[in-house]
Amino acid sequence: MSQIVVENLVKTFRVAERQAGTWGAVRGLVHRRYRTVHALNGISFALEAGELVGYIGPNGAGKSTTVKTLAGILVPDSGRCEVLGRVPWRERLAHVRHIGVVFGQRTQLWWDLPVIESFDLLRDIYRVPKADYARTREELIALLNLQPLLDVPVRQLSLGQRMRCDLAASLLHAPPLLFLDEPTIGLDAVSKLAVRDFVKRLNRERGVTVILTTHDMDDIEALCTRVILIGQGQILSDGTLEDLRGRVTRERWLIVDLVDADEPVCDPDADVLRREDHRVTLRFDPACVSSAALISRITARHAVRDLFVQNPPIEEIIARLYGDSYA
Amino acid sequence: MSAYMAILSARFRMLLQYRAAAFAGFATQLFWGLIRVMIFEAFYRSTTQPQPMQFSQVVTYVWLSQALLGMIPWNVDSEVRGMIRTGTVVYELARPLDLYALWYTRAIAQRSAPTVLRAIPMFIVAGLLLGMQPPPSPASAAAWVVATVGALLLSAALTTLMTLSLLWTISGEGIVRLMAALVTIFSGLVLPLPLFPNWAQPVLNFLPFRGIIDAPLRVYMGHIPPAQIGAVLAHQIGWTLALALLERALLARGTRRLVVQGG
């Protein structure tokens, strides 16, 4: 049975609009204009236990709204939603006991308390049995390398340290389901790797189902077996990363480093995508010309120092899909 | 420890750390108390009619109310306000806790911790130097403790009402000012309630605000005999429960239309 079932979820917000300037503010006192924002416009998907799903889309696409609805925080206008057999907003108290949430831009730790006291407080809030709590806590401390941070008040932690503590905090009650809303936002490369590595292990070794929203395509490539792409409150694509690539384009890139910086390159089966001094990026369709044939033609005609073939980066794919959806 | 007790004690300990604020508050309250005593002294010297309270009782009333000023619901929970402004309130909803009970618990901590910090030095200074009298009997003292607990429960309910208004107004400035004005007048903070004209007494008796300051203070002084503690407590608890019902309904509406700030 699916852990999460979402059918035709709709959520609109009514937002008061204020006109710019003093006159606009004065007019707003008498007459308010409201704008309706369709945050979710009929979202449907299902998730099996143990999946690690990337939920991506541009700012304002409805990612966070979906996560907040699944977490029982927001009440949708219509549609069906069941998480672990419960309707999140109707049985919020029972529901949230079985999920963990991390919102990357905010902390769930108590700002003025040392990290360990926040953890203890969460044990009381979730009523985790003593023995279970001690075991889970020690495991999380070891996995996320939190020992040196435990006695530091949260406000003194760096963003990367805080995120590691937040991840631990979301898992102290050992939920089978974890929502991560932009967990790598603002983190440096090392911290991002630590977070990714941890999420991967959590999913592979513990079988925790993870829904991850992010703008960092490296997160997606490193972690997710399945990607749901959302734009303007609707699902644009749902499948593996390869499916996503295939849907938009099958093209590959051949990147060539020439000996001579000024030498022009052209080929009937490939376009020059960009050129930076010695480096030429060619775009070709593997259905028209094989990589081997193209490479042998290029190396026959030009003096080549190095070359390699790659898939277009996922950013490109997403940008094109966003472009389509907003066109 | 139950979840709410754990939060109460954590929040209480946190609020106890604001020593500078407590000292500043103590100094201000001392100053205001002196001014209030001087005004009443002038009034009692010039009055020709017998008053419903003696001057010495009024002095005790003033110092006791200055000591317990922190109990007055004159502000919202600044932590909740910050959470609503920035959207961190999502984490409050992501906990297996009843949101009303959680915010009421926070309000109890917010009303009690600063009061404890300020009341103790004020009792010492006012009791030794400024003419504040002890309760007339152990029964009055015991009844006062009970009435103070009732006042705390009621005051936390009014604080929660203001905190809930943040779900609609975000800043909460307006309702805080309104509440502060109502409370200072109708709780007896400006003028002890027995000194109000007779026609105002039924209204003052009905409103919840006397349960916060006036009633416990008069119980302390024996002006309300200890035998009547039941009536005082009934008034306090009755209003607390009525407010709780209203606030639960408000909260149910507020969370349905919740818009999380900042994405």
# chains A, B, ... in the order shown; residues from 1 in each chain; ligands from 1
call {"tool": "select_by_dssp", "arguments": {"residues": "range 5-147 of chain B", "states": "helix (DSSP H, G or I)", "output": "VMD selection string"}}
result
chain B and resid 5 to 15 19 to 46 55 to 67 69 to 71 78 to 86 89 to 93 99 to 129 138 to 147
call {"tool": "residues_around", "arguments": {"residues": "Tyr220 in chain B", "least_positions_apart": "6", "cutoff": "6 Å", "atoms": "only C-alpha atoms", "output": "PyMOL selection string"}}
result
chain B and resi 135+140-141+144
call {"tool": "closest_residue", "arguments": {"among": "A:Val309, A:Ala174, A:Ile99, A:Leu223", "to": "chain B", "atoms": "only C-alpha atoms"}}
result
A:Ile99
call {"tool": "interface_residues", "arguments": {"of": "chain A", "to": "chain B", "cutoff": "6 Å", "atoms": "only C-alpha atoms", "output": "JSON, numbers by chain"}}
result
{"A": [73, 75, 93, 96, 97, 106, 124, 125]}
call {"tool": "write_last_selection", "arguments": {"atoms": "N, CA and C atoms", "output": "tab-separated table (two decimals), in the first residue's frame"}}
result
chain	number	residue	atom	x	y	z
A	73	ILE	N	-0.03	20.95	8.23
A	73	ILE	CA	0.02	22.34	8.67
A	73	ILE	C	-1.02	23.18	7.95
A	75	VAL	N	-4.48	23.44	5.41
A	75	VAL	CA	-5.70	22.72	5.04
A	75	VAL	C	-6.00	23.07	3.58
A	93	LEU	N	-2.69	15.55	15.22
A	93	LEU	CA	-1.87	15.12	16.35
A	93	LEU	C	-1.32	13.71	16.14
A	96	VAL	N	1.32	13.85	12.97
A	96	VAL	CA	2.66	14.43	13.09
A	96	VAL	C	3.60	13.60	13.98
A	97	ARG	N	3.04	12.71	14.78
A	97	ARG	CA	3.88	11.80	15.56
A	97	ARG	C	4.72	10.90	14.67
A	106	ARG	N	14.27	27.70	8.37
A	106	ARG	CA	13.88	28.00	9.76
A	106	ARG	C	14.43	26.87	10.63
A	124	ASP	N	10.38	14.85	25.30
A	124	ASP	CA	9.18	15.02	26.11
A	124	ASP	C	7.96	15.29	25.24
A	125	ILE	N	8.14	16.10	24.20
A	125	ILE	CA	7.01	16.47	23.33
A	125	ILE	C	6.49	15.24	22.59
call {"tool": "closest_residue", "arguments": {"among": "B:Pro50, B:Pro136, B:Gly25, B:Gly211", "to": "Arg118 in chain B", "atoms": "only C-alpha atoms"}}
result
B:Gly25
call {"tool": "atom_distance", "arguments": {"atom1": "CA of Ala215 in chain B", "atom2": "CA of Gln110 in chain B"}}
result
21.0 Å
call {"tool": "residues_around", "arguments": {"residues": "Ala143 in chain B", "least_positions_apart": "2", "cutoff": "7 Å", "atoms": "only C-alpha atoms", "output": "JSON, numbers by chain"}}
result
{"B": [139, 140, 141, 145, 146, 147, 219, 226, 229]}
